[in-house]
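What's in target_11.txt: compact mmCIF, C-alpha atoms and all ligand atoms
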# COMPACT_ATOMS: atom_id res chain seq x y z
CA MET A 1 14.56 -41.38 6.63
CA THR A 2 11.27 -42.70 5.33
CA THR A 3 10.48 -41.69 1.80
CA LEU A 4 7.88 -38.94 1.50
CA LYS A 5 5.54 -38.75 -1.44
CA GLY A 6 4.95 -35.19 -2.59
CA GLU A 7 1.74 -35.98 -4.41
CA ASP A 8 0.27 -37.50 -1.25
CA GLU A 9 1.40 -34.66 0.99
CA VAL A 10 0.69 -31.57 -1.06
CA ALA A 11 -3.02 -31.10 -0.36
CA GLY A 12 -2.45 -31.54 3.39
CA LEU A 13 0.39 -29.03 3.36
CA CYS A 14 -1.81 -26.56 1.49
CA ARG A 15 -4.69 -27.13 3.95
CA ASP A 16 -2.41 -26.64 6.96
CA LEU A 17 -1.03 -23.39 5.56
CA ILE A 18 -4.54 -22.07 4.80
CA ARG A 19 -5.60 -22.82 8.40
CA ILE A 20 -2.81 -20.59 9.70
CA ASP A 21 -4.15 -17.03 9.59
CA SER A 22 -1.54 -14.83 7.89
CA THR A 23 -3.78 -12.08 6.55
CA ASN A 24 -2.03 -8.87 5.67
CA ALA A 25 -4.10 -5.70 5.78
CA GLY A 26 -1.10 -3.63 4.80
CA ASP A 27 -0.79 -1.65 8.03
CA ASN A 28 1.28 -4.13 10.07
CA SER A 29 -1.73 -4.76 12.33
CA GLY A 30 -2.44 -8.41 11.47
CA PRO A 31 -1.30 -11.72 12.93
CA GLY A 32 1.91 -11.65 10.87
CA GLU A 33 3.53 -14.59 9.12
CA ARG A 34 5.36 -16.01 12.16
CA ALA A 35 3.15 -19.09 12.65
CA ALA A 36 3.20 -19.94 8.94
CA ALA A 37 6.98 -19.46 8.88
CA GLU A 38 7.43 -21.80 11.85
CA TYR A 39 5.29 -24.42 10.11
CA VAL A 40 7.32 -24.15 6.90
CA ALA A 41 10.63 -24.23 8.78
CA GLU A 42 9.56 -27.36 10.65
CA LYS A 43 8.61 -29.13 7.43
CA LEU A 44 11.99 -28.26 5.94
CA ALA A 45 13.91 -29.26 9.07
CA GLU A 46 12.23 -32.69 8.98
CA VAL A 47 14.16 -33.50 5.80
CA GLY A 48 17.50 -32.34 7.16
CA LEU A 49 17.58 -28.70 6.09
CA GLU A 50 18.51 -25.87 8.43
CA PRO A 51 16.10 -23.08 7.54
CA ARG A 52 16.47 -19.62 9.03
CA ILE A 53 13.46 -17.69 10.25
CA LEU A 54 14.18 -14.00 9.71
CA GLU A 55 11.90 -11.42 11.32
CA SER A 56 11.84 -7.93 9.88
CA ASP A 57 9.46 -6.78 12.61
CA SER A 58 7.45 -8.45 15.35
CA ARG A 59 5.88 -11.60 13.84
CA ARG A 60 6.71 -10.49 10.28
CA ALA A 61 8.68 -13.63 9.52
CA ASN A 62 10.46 -14.92 6.42
CA VAL A 63 12.05 -18.33 5.90
CA VAL A 64 15.18 -18.83 3.80
CA VAL A 65 17.18 -22.00 3.24
CA ARG A 66 19.70 -23.23 0.70
CA VAL A 67 19.39 -26.73 -0.74
CA GLU A 68 22.86 -27.75 -1.86
CA GLY A 69 23.05 -28.96 -5.43
CA GLU A 70 25.20 -31.60 -7.11
CA ASP A 71 27.36 -28.90 -8.67
CA PRO A 72 27.83 -26.00 -6.26
CA SER A 73 30.02 -24.19 -8.80
CA ARG A 74 26.95 -23.50 -10.93
CA GLU A 75 24.84 -20.41 -10.41
CA ALA A 76 21.93 -20.89 -8.03
CA LEU A 77 18.17 -20.85 -8.61
CA LEU A 78 15.71 -19.15 -6.25
CA LEU A 79 12.25 -20.60 -5.61
CA HIS A 80 10.12 -18.05 -3.78
CA GLY A 81 6.60 -17.93 -2.40
CA HIS A 82 4.87 -15.49 -0.09
CA LEU A 83 3.23 -16.62 3.15
CA ASP A 84 0.81 -13.73 3.62
CA VAL A 85 -2.68 -13.52 2.13
CA VAL A 86 -5.10 -10.66 1.58
CA PRO A 87 -7.97 -10.16 4.08
CA PHE A 88 -11.42 -11.63 3.52
CA ASP A 89 -15.03 -11.23 4.54
CA ALA A 90 -16.01 -14.75 5.65
CA ASP A 91 -19.73 -14.02 5.10
CA ASP A 92 -19.15 -13.88 1.34
CA TRP A 93 -17.65 -17.38 1.21
CA THR A 94 -19.31 -20.76 0.71
CA LEU A 95 -16.81 -22.40 3.08
CA HIS A 96 -14.87 -20.52 5.74
CA PRO A 97 -11.74 -19.00 4.17
CA LEU A 98 -9.54 -20.39 6.97
CA SER A 99 -11.07 -23.88 6.84
CA GLY A 100 -8.71 -25.40 4.28
CA GLU A 101 -11.49 -27.90 3.69
CA VAL A 102 -11.36 -30.35 0.80
CA ALA A 103 -14.68 -30.35 -1.04
CA ASP A 104 -15.59 -31.15 -4.65
CA GLY A 105 -12.00 -32.26 -5.18
CA CYS A 106 -10.60 -28.86 -4.27
CA VAL A 107 -8.75 -27.37 -1.31
CA TRP A 108 -10.72 -24.26 -0.32
CA GLY A 109 -9.60 -21.15 1.47
CA ARG A 110 -7.80 -17.84 1.35
CA GLY A 111 -4.44 -18.51 -0.28
CA ALA A 112 -5.52 -21.64 -2.18
CA VAL A 113 -4.76 -19.67 -5.34
CA ASP A 114 -2.53 -16.83 -4.07
CA MET A 115 -0.27 -18.51 -3.11
CA LYS A 116 -0.24 -21.14 -0.40
CA ASN A 117 -0.83 -23.62 -3.23
CA MET A 118 2.68 -22.98 -4.59
CA ASP A 119 4.19 -22.82 -1.09
CA ALA A 120 2.78 -26.30 -0.50
CA MET A 121 4.02 -27.56 -3.87
CA ILE A 122 7.55 -26.29 -3.17
CA LEU A 123 7.52 -27.93 0.28
CA ALA A 124 6.13 -31.21 -1.10
CA VAL A 125 8.63 -31.52 -3.93
CA VAL A 126 11.64 -30.55 -1.82
CA ARG A 127 10.62 -32.92 0.98
CA GLN A 128 10.16 -35.81 -1.43
CA ARG A 129 13.45 -35.22 -3.21
CA LEU A 130 15.49 -34.90 -0.03
CA SER A 131 13.81 -37.89 1.61
CA GLU A 132 14.88 -39.88 -1.45
CA GLY A 133 18.37 -38.40 -1.35
CA ARG A 134 17.90 -36.58 -4.67
CA ARG A 135 19.65 -33.24 -4.67
CA PRO A 136 18.98 -30.69 -7.42
CA PRO A 137 21.69 -30.31 -10.08
CA ARG A 138 22.62 -26.88 -8.69
CA ASP A 139 22.03 -24.93 -5.51
CA VAL A 140 18.39 -24.02 -5.01
CA VAL A 141 17.55 -21.31 -2.49
CA LEU A 142 14.04 -21.40 -1.04
CA ALA A 143 12.48 -18.18 0.24
CA PHE A 144 9.07 -18.00 1.91
CA THR A 145 8.33 -14.33 2.36
CA ALA A 146 6.21 -12.00 4.45
CA ASP A 147 4.27 -8.98 3.23
CA GLU A 148 4.09 -9.56 -0.52
CA GLU A 149 0.51 -8.34 -0.55
CA ALA A 150 1.60 -4.93 0.74
CA GLY A 151 4.68 -4.42 -1.40
CA GLY A 152 7.20 -6.55 0.49
CA THR A 153 8.47 -3.92 2.93
CA TYR A 154 8.71 -6.60 5.65
CA GLY A 155 9.44 -9.39 3.20
CA ALA A 156 11.28 -9.55 -0.13
CA GLN A 157 12.33 -5.88 -0.13
CA TRP A 158 13.77 -6.29 3.34
CA LEU A 159 15.49 -9.59 2.51
CA ALA A 160 17.04 -8.09 -0.63
CA ALA A 161 18.32 -5.11 1.34
CA GLU A 162 19.40 -6.74 4.61
CA HIS A 163 20.22 -10.37 3.75
CA LYS A 164 21.80 -10.32 0.30
CA ASP A 165 24.31 -12.97 1.40
CA LEU A 166 21.55 -15.61 1.59
CA PHE A 167 20.98 -15.22 -2.16
CA GLU A 168 24.65 -15.40 -3.13
CA GLY A 169 25.04 -16.77 -6.66
CA CYS A 170 21.30 -16.72 -7.48
CA THR A 171 20.83 -15.55 -11.07
CA GLU A 172 17.39 -16.97 -11.80
CA ALA A 173 14.14 -17.10 -9.87
CA ILE A 174 10.80 -18.89 -10.03
CA GLY A 175 7.69 -17.65 -8.20
CA GLU A 176 4.07 -16.58 -8.80
CA VAL A 177 1.91 -15.69 -10.97
CA GLY A 178 2.01 -18.16 -13.83
CA GLY A 179 2.30 -21.73 -14.97
CA PHE A 180 -1.44 -22.37 -14.80
CA SER A 181 -3.36 -23.78 -17.75
CA VAL A 182 -6.00 -22.18 -19.93
CA SER A 183 -7.84 -24.71 -22.08
CA ILE A 184 -7.92 -24.30 -25.85
CA ASP A 185 -9.93 -27.49 -26.41
CA ASP A 186 -10.12 -30.93 -24.80
CA ALA A 187 -6.64 -31.86 -25.97
CA ARG A 188 -4.66 -28.62 -25.75
CA ARG A 189 -3.86 -26.17 -23.02
CA LEU A 190 -1.89 -22.94 -22.87
CA TYR A 191 0.33 -22.56 -19.81
CA LEU A 192 0.91 -18.90 -19.11
CA ILE A 193 4.39 -18.27 -17.78
CA GLU A 194 5.04 -14.80 -16.44
CA ALA A 195 8.09 -13.27 -18.14
CA ALA A 196 7.34 -9.59 -17.53
CA GLU A 197 5.63 -7.34 -14.99
CA LYS A 198 4.29 -3.85 -15.29
CA GLY A 199 5.79 -1.20 -13.05
CA ILE A 200 3.76 0.52 -10.34
CA ALA A 201 3.30 4.21 -9.60
CA TRP A 202 0.78 5.05 -6.90
CA MET A 203 0.74 8.82 -6.67
CA ARG A 204 -0.75 11.63 -4.63
CA LEU A 205 -1.70 14.67 -6.70
CA THR A 206 -1.99 18.07 -5.10
CA ALA A 207 -3.47 21.30 -6.44
CA THR A 208 -2.77 24.44 -4.45
CA GLY A 209 -4.87 27.57 -4.94
CA ARG A 210 -6.13 30.55 -3.00
CA ALA A 211 -8.37 29.83 -0.03
CA GLY A 212 -11.36 32.05 0.48
CA HIS A 213 -15.08 32.60 0.90
CA GLY A 214 -17.28 30.48 -1.31
CA SER A 215 -19.38 33.54 -2.25
CA MET A 216 -16.47 35.48 -3.79
CA LEU A 217 -14.87 35.30 -7.22
CA ASN A 218 -11.91 32.94 -7.20
CA ALA A 219 -9.93 32.04 -10.33
CA GLU A 220 -7.46 29.96 -8.32
CA ASN A 221 -9.79 27.36 -6.89
CA ALA A 222 -7.77 24.25 -5.95
CA VAL A 223 -10.81 21.96 -6.22
CA THR A 224 -11.54 23.08 -9.78
CA GLU A 225 -7.90 22.78 -10.78
CA LEU A 226 -7.58 19.29 -9.33
CA ALA A 227 -10.89 18.04 -10.69
CA GLU A 228 -9.93 19.06 -14.23
CA ALA A 229 -6.53 17.36 -13.95
CA VAL A 230 -8.09 14.18 -12.56
CA GLY A 231 -10.63 14.21 -15.38
CA ARG A 232 -7.88 14.52 -18.01
CA VAL A 233 -5.89 11.65 -16.49
CA GLY A 234 -8.91 9.39 -16.07
CA ARG A 235 -10.23 9.92 -19.58
CA TYR A 236 -6.91 9.70 -21.39
CA GLN A 237 -6.67 6.90 -23.96
CA TRP A 238 -3.16 5.56 -23.52
CA PRO A 239 -1.68 4.39 -26.82
CA VAL A 240 -1.17 0.68 -27.47
CA ARG A 241 2.48 -0.30 -26.99
CA LEU A 242 3.32 -3.82 -28.07
CA THR A 243 6.17 -5.11 -25.88
CA ARG A 244 8.08 -8.19 -27.01
CA THR A 245 6.47 -10.42 -24.34
CA VAL A 246 2.94 -9.35 -25.28
CA GLU A 247 3.70 -9.72 -28.99
CA ASN A 248 5.15 -13.17 -28.33
CA PHE A 249 2.06 -14.11 -26.29
CA LEU A 250 -0.40 -12.91 -28.93
CA THR A 251 1.52 -14.58 -31.77
CA GLU A 252 1.69 -17.96 -30.01
CA THR A 253 -1.84 -17.82 -28.63
CA SER A 254 -3.38 -16.75 -31.94
CA ARG A 255 -1.65 -19.59 -33.72
CA ALA A 256 -2.91 -22.09 -31.13
CA LEU A 257 -6.46 -20.72 -31.27
CA GLY A 258 -6.45 -20.50 -35.05
CA ILE A 259 -7.23 -16.78 -35.09
CA ASP A 260 -5.49 -13.99 -37.02
CA PHE A 261 -3.06 -11.77 -35.19
CA ASP A 262 -2.69 -8.29 -36.62
CA PRO A 263 0.23 -6.54 -34.87
CA ASP A 264 -1.27 -3.20 -35.95
CA ASP A 265 -4.49 -3.99 -34.11
CA PRO A 266 -3.63 -6.15 -31.10
CA GLU A 267 -6.82 -5.09 -29.32
CA ALA A 268 -8.90 -6.98 -31.88
CA THR A 269 -6.93 -10.13 -31.11
CA VAL A 270 -7.22 -9.65 -27.35
CA ALA A 271 -10.98 -9.24 -27.72
CA LYS A 272 -11.15 -12.80 -29.04
CA LEU A 273 -9.42 -14.31 -25.99
CA GLY A 274 -12.53 -14.77 -23.85
CA PRO A 275 -11.90 -14.60 -20.08
CA LEU A 276 -8.18 -13.94 -20.71
CA ALA A 277 -8.99 -10.60 -22.32
CA ARG A 278 -9.34 -8.88 -18.93
CA MET A 279 -5.89 -10.05 -17.86
CA ILE A 280 -4.07 -9.50 -21.16
CA GLY A 281 -5.91 -6.33 -22.15
CA ALA A 282 -4.22 -4.42 -19.32
CA THR A 283 -0.79 -5.28 -20.72
CA LEU A 284 -1.28 -3.54 -24.08
CA ARG A 285 -0.75 -0.07 -22.68
CA ASN A 286 0.20 2.06 -19.71
CA THR A 287 -2.72 2.91 -17.45
CA ALA A 288 -3.51 5.56 -14.84
CA ASN A 289 -6.73 5.30 -12.85
CA PRO A 290 -7.83 7.99 -10.36
CA THR A 291 -8.78 6.16 -7.15
CA MET A 292 -9.21 8.70 -4.32
CA LEU A 293 -10.26 12.36 -3.91
CA GLN A 294 -9.96 14.65 -0.91
CA ALA A 295 -10.73 18.37 -0.58
CA GLY A 296 -12.50 20.90 1.58
CA TYR A 297 -14.30 20.90 4.92
CA LYS A 298 -17.30 23.22 4.52
CA ALA A 299 -19.69 24.08 1.69
CA ASN A 300 -18.93 27.83 1.73
CA VAL A 301 -15.14 27.62 2.19
CA ILE A 302 -12.79 27.27 -0.78
CA PRO A 303 -9.89 25.17 0.53
CA GLN A 304 -6.31 26.04 -0.20
CA THR A 305 -5.44 22.55 -1.44
CA ALA A 306 -7.11 19.55 -2.99
CA THR A 307 -5.59 16.09 -3.39
CA ALA A 308 -6.25 12.92 -5.34
CA HIS A 309 -4.64 9.52 -5.71
CA VAL A 310 -3.87 7.80 -8.97
CA ASP A 311 -2.92 4.17 -9.55
CA GLY A 312 -0.47 4.20 -12.45
CA ARG A 313 0.97 1.10 -14.17
CA PHE A 314 3.63 1.30 -16.85
CA LEU A 315 4.92 -1.30 -19.29
CA PRO A 316 8.56 -2.38 -19.31
CA GLY A 317 10.40 0.14 -21.50
CA TYR A 318 7.69 2.79 -21.26
CA GLU A 319 8.21 4.35 -17.84
CA GLU A 320 9.67 7.56 -19.23
CA GLU A 321 6.83 7.97 -21.69
CA PHE A 322 4.36 7.30 -18.87
CA PHE A 323 5.59 10.12 -16.63
CA GLN A 324 6.08 12.54 -19.52
CA THR A 325 2.49 12.02 -20.65
CA LEU A 326 1.17 12.15 -17.12
CA ASP A 327 2.88 15.48 -16.42
CA GLU A 328 1.40 16.95 -19.60
CA LEU A 329 -2.05 15.79 -18.49
CA LEU A 330 -1.62 17.21 -15.00
CA GLY A 331 -0.50 20.63 -16.23
CA PRO A 332 1.65 23.14 -14.37
CA ASN A 333 -0.63 23.64 -11.35
CA VAL A 334 -0.85 20.12 -10.02
CA THR A 335 2.12 18.39 -8.41
CA ARG A 336 2.60 14.68 -7.92
CA GLU A 337 4.49 12.58 -5.38
CA PHE A 338 4.89 8.84 -5.02
CA VAL A 339 2.98 6.84 -2.45
CA TYR A 340 4.53 3.70 -3.91
CA HIS A 341 6.81 3.25 -6.89
CA ASP A 342 8.35 0.07 -8.22
CA ILE A 343 10.05 -1.07 -11.39
CA ALA A 344 8.75 -2.90 -14.43
CA LEU A 345 10.42 -6.18 -15.42
CA GLU A 346 10.90 -8.12 -18.61
CA THR A 347 13.10 -11.07 -19.52
CA GLY A 348 13.40 -13.01 -22.76
CA PHE A 349 11.45 -16.23 -23.14
CA ASP A 350 14.53 -18.24 -24.02
CA GLY A 351 17.41 -20.17 -22.49
CA SER A 352 17.72 -23.46 -20.65
CA LEU A 353 15.46 -22.51 -17.73
CA VAL A 354 12.57 -21.74 -20.09
CA ARG A 355 13.19 -25.05 -21.89
CA ALA A 356 13.18 -26.86 -18.53
CA MET A 357 9.77 -25.36 -17.66
CA ALA A 358 8.25 -26.07 -21.07
CA ASP A 359 9.63 -29.62 -21.23
CA ALA A 360 8.43 -30.47 -17.71
CA LEU A 361 4.92 -29.30 -18.64
CA VAL A 362 4.81 -31.32 -21.86
CA ALA A 363 6.10 -34.42 -20.07
CA GLU A 364 3.10 -34.29 -17.71
CA ASP A 365 0.58 -32.85 -20.19
CA PRO A 366 1.26 -33.72 -23.84
CA GLY A 367 -1.22 -31.01 -24.84
CA ALA A 368 0.74 -28.26 -23.08
CA LEU A 369 1.96 -25.14 -24.86
CA ALA A 370 4.04 -22.79 -22.70
CA VAL A 371 3.58 -19.12 -23.59
CA PRO A 372 5.11 -16.03 -21.94
CA TYR A 373 2.86 -13.28 -20.69
CA THR A 374 3.09 -9.94 -18.90
CA LEU A 375 1.56 -9.57 -15.44
CA SER A 376 -0.30 -6.28 -15.02
CA GLY A 377 0.50 -6.31 -11.28
CA GLY A 378 3.67 -6.92 -9.33
CA THR A 379 5.27 -9.70 -7.29
CA ASP A 380 8.27 -10.25 -4.98
CA LEU A 381 10.29 -10.76 -8.16
CA LYS A 382 10.70 -6.99 -8.40
CA ALA A 383 12.69 -7.02 -5.15
CA PHE A 384 14.70 -10.13 -5.96
CA SER A 385 15.54 -8.76 -9.42
CA THR A 386 17.51 -5.99 -7.71
CA LEU A 387 19.97 -8.71 -6.68
CA GLY A 388 20.63 -9.53 -10.33
CA MET A 389 18.11 -12.31 -10.97
CA ARG A 390 15.91 -12.83 -14.01
CA GLY A 391 12.68 -14.49 -13.07
CA PHE A 392 9.49 -16.15 -14.13
CA GLY A 393 6.05 -16.80 -12.69
CA PHE A 394 5.80 -20.59 -12.76
CA ALA A 395 3.50 -22.31 -10.28
CA PRO A 396 2.42 -25.15 -12.59
CA LEU A 397 -1.23 -26.22 -12.39
CA LYS A 398 -3.28 -28.19 -14.90
CA LEU A 399 -6.76 -26.82 -14.33
CA PRO A 400 -10.27 -27.84 -15.39
CA ALA A 401 -11.44 -25.89 -18.44
CA ASP A 402 -14.35 -24.27 -16.60
CA LEU A 403 -12.46 -22.97 -13.55
CA ASP A 404 -11.99 -19.17 -13.64
CA PHE A 405 -8.59 -19.32 -12.00
CA SER A 406 -7.30 -15.81 -12.70
CA GLY A 407 -10.59 -14.45 -11.34
CA MET A 408 -9.96 -16.08 -7.95
CA PHE A 409 -6.83 -14.09 -7.08
CA HIS A 410 -7.99 -12.01 -4.09
CA GLY A 411 -11.55 -13.18 -4.89
CA VAL A 412 -14.10 -15.17 -2.90
CA ASP A 413 -14.27 -18.98 -2.81
CA GLU A 414 -10.60 -19.35 -3.68
CA ARG A 415 -9.96 -23.02 -4.32
CA VAL A 416 -7.52 -25.25 -6.12
CA PRO A 417 -8.15 -28.81 -7.35
CA VAL A 418 -6.17 -31.47 -5.47
CA ASP A 419 -5.16 -33.16 -8.71
CA SER A 420 -3.88 -29.81 -10.02
CA LEU A 421 -1.61 -29.57 -6.97
CA GLN A 422 -0.39 -33.12 -7.59
CA PHE A 423 0.28 -32.26 -11.22
CA GLY A 424 2.28 -29.23 -10.02
CA VAL A 425 4.44 -31.39 -7.76
CA ARG A 426 5.27 -33.75 -10.63
CA VAL A 427 6.09 -30.85 -12.98
CA LEU A 428 8.26 -29.09 -10.40
CA ASP A 429 10.08 -32.37 -9.72
CA ARG A 430 10.92 -32.77 -13.42
CA PHE A 431 11.80 -29.10 -13.63
CA LEU A 432 14.23 -29.39 -10.72
CA ASP A 433 15.88 -32.41 -12.37
CA ALA A 434 16.52 -30.29 -15.46
CA CYS A 435 17.24 -26.90 -13.87
ZN ZN A 501 0.50 -13.55 -4.62
In structure tokens, write the structure found in this file.
Amino acid sequence: MTTLKGEDEVAGLCRDLIRIDSTNAGDNSGPGERAAAEYVAEKLAEVGLEPRILESDSRRANVVVRVEGEDPSREALLLHGHLDVVPFDADDWTLHPLSGEVADGCVWGRGAVDMKNMDAMILAVVRQRLSEGRRPPRDVVLAFTADEEAGGTYGAQWLAAEHKDLFEGCTEAIGEVGGFSVSIDDARRLYLIEAAEKGIAWMRLTATGRAGHGSMLNAENAVTELAEAVGRVGRYQWPVRLTRTVENFLTETSRALGIDFDPDDPEATVAKLGPLARMIGATLRNTANPTMLQAGYKANVIPQTATAHVDGRFLPGYEEEFFQTLDELLGPNVTREFVYHDIALETGFDGSLVRAMADALVAEDPGALAVPYTLSGGTDLKAFSTLGMRGFGFAPLKLPADLDFSGMFHGVDERVPVDSLQFGVRVLDRFLDAC
């Protein structure tokens, strides 16, 4: 087999994946991930692997393959990336989101940030290693999933429920969203590694009252009842709860930035973090945002029911407090049910896998400081964690200081520098040597 060079291949792999439309609108109406899965499977088969394409529904395809390690008696590591992307409005973009064009040193397109970049980096590093006959020290399972952007019903959730056997022995996992740099100054960069995720509670609220004529007295008006409850939820100031990951992040980051960290007033520290404040601020507390309202059908008819939707997010360790508080805010006359509910995650920032990530970063960027952070959203890791894995978001990218990377997730003009992708391949290669 000819030797493949991951650094040379990675931008092309990323471009090819971006050109394959795998948008996921969340209603199973899109093109699906089948074409992207076939592409990935072909690239893996070229280096002697035997990937399986697993369809959960028509064209909703996942790819799973095991790369045998030097010591199969050791526990296995999962590397996972999703193949779907969120929809786009091409008119808003400078370059077409499916172009995968390289311009200004960046690969452009939907998925360049979330997360065809990492899919390409995984492919590039695995192809290089196998073409050189370098197996990882232990079994590494690769999973390229469908449907992450809509909760993983056709992807990770389905794989974890229906194909557990493929993940036999996996105790640790690496995926999105983390490993990217945030510049402190010219010489030093923080690399944010995801070690925790908030839980998700999307809920439908319902108030039921007495229907009747809009001209009559009515003390049991469902619209009034619901509106008051929604107002209480939306205006509530959730208390700051400092989890160990957030405390660890603020301690390390403050030290690096040379600012004071007062654990009794973490908000003051977060306020000094610049563009990171938006991302980190949401991990200081539970949140519940009203997002939809529905009631009534005519101006002079009081409807019997009124409903609203709330997007709730709770910190690891604070789910019980979240629902207790929420129920007090809703009061006795408004009921809630889940539209979507998923767990919060948190793992310690310690152990040999964390050392392997931090060391690989420093080897490629002497100014690197790896810090753990909490993601305010969710990833496929929630599903894989149900199989007994601890996991991290680690898609390593050394980025230019002025690139607003976290702002490009699901945003317009998503793009990733080619040399950042090449850096990621080198870091992942070192990481796999040490994993
Ligand atoms: Zn993603």
Query raised in the report: Any idea what's packed within 10 Å of Gln128 (chain A), counting only C-alpha atoms, ignoring anything in its chain fewer than 6 positions away? Could you give it as a PyMOL selection string?
Result: chain A and resi 2-7+9+47+134+425+429
Query raised in the report: Taking only C-alpha atoms and all ligand atoms into account, which residues are within 8 Å of ligand ZN 501 (chain A), as a ChimeraX atom specification?
Result: /A:81-82,85,114-115,148-149,176-177,379,409
Can you write out the residues you just picked, keeping C-alpha atoms, as a compact mmCIF listing (two decimals), keeping the file's coordinate frame?
# COMPACT_ATOMS: atom_id res chain seq x y z
CA GLY A 81 6.60 -17.93 -2.40
CA HIS A 82 4.87 -15.49 -0.09
CA VAL A 85 -2.68 -13.52 2.13
CA ASP A 114 -2.53 -16.83 -4.07
CA MET A 115 -0.27 -18.51 -3.11
CA GLU A 148 4.09 -9.56 -0.52
CA GLU A 149 0.51 -8.34 -0.55
CA GLU A 176 4.07 -16.58 -8.80
CA VAL A 177 1.91 -15.69 -10.97
CA THR A 379 5.27 -9.70 -7.29
CA PHE A 409 -6.83 -14.09 -7.08
Requested in this report: Mind listing whatever residues come within 12 Å of the point (10.6, -32.9, 7.6)? Use all atoms listed in the file, file coordinates, and give them as an MDAnalysis selection string.
Outcome: chainID A and resid 1:6 9 13 39:51 123:131
Query raised in the report: Near region 274-291 of chain A, within 9 Å and counting only C-alpha atoms, which residues show up once chain neighbours fewer than 2 positions away are dropped, as number ranges by chain?
Result: A: 182, 197-198, 201, 230-231, 233-243, 246, 266-267, 270-272, 293, 308-315, 318-319, 322, 326, 373-376, 404, 406-407
Query raised in the report: For Asp380 (chain A), which residue out of A:Thr307, A:Asn62, A:Asn117, A:Gln157 is the nearest one, using all atoms listed in the file?
Result: A:Gln157
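The list of residues with at least one atom within 9 Å of Leu159 (chain A), based on only C-alpha atoms and without residues fewer than 2 positions apart in the same chain, reads Leu54, Ser56, Asn62, Thr145, Tyr154, Gly155, Ala156, Gln157, Ala161, Glu162, His163, Lys164, Leu166, Ala383 and Phe384 of chain A.
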Report summary line: Counting all atoms listed in the file, the residue among A:Glu228, A:Glu252, A:Glu172, A:Asp342 that lies closest to Glu75 (chain A) is A:Glu172
Query - Two-atom distance - CA of Ala360 (chain A), CA of Leu428 (chain A) (Å) - result: 7.4 Å
**Report entry** Separation of CA of Ile193 (chain A) from CA of Asp71 (chain A) in Å
**Finding:**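 Atom-to-atom, CA of Asp71 (chain A) to CA of Ile193 (chain A), that is 26.9 Å.
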Report task. Using only C-alpha atoms, find the one residue out of A:Thr245, A:Ser99, A:Thr171, A:Thr153 that sits nearest to Leu17 (chain A). Result ->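 The closest residue to Leu17 (chain A) is A:Ser99.
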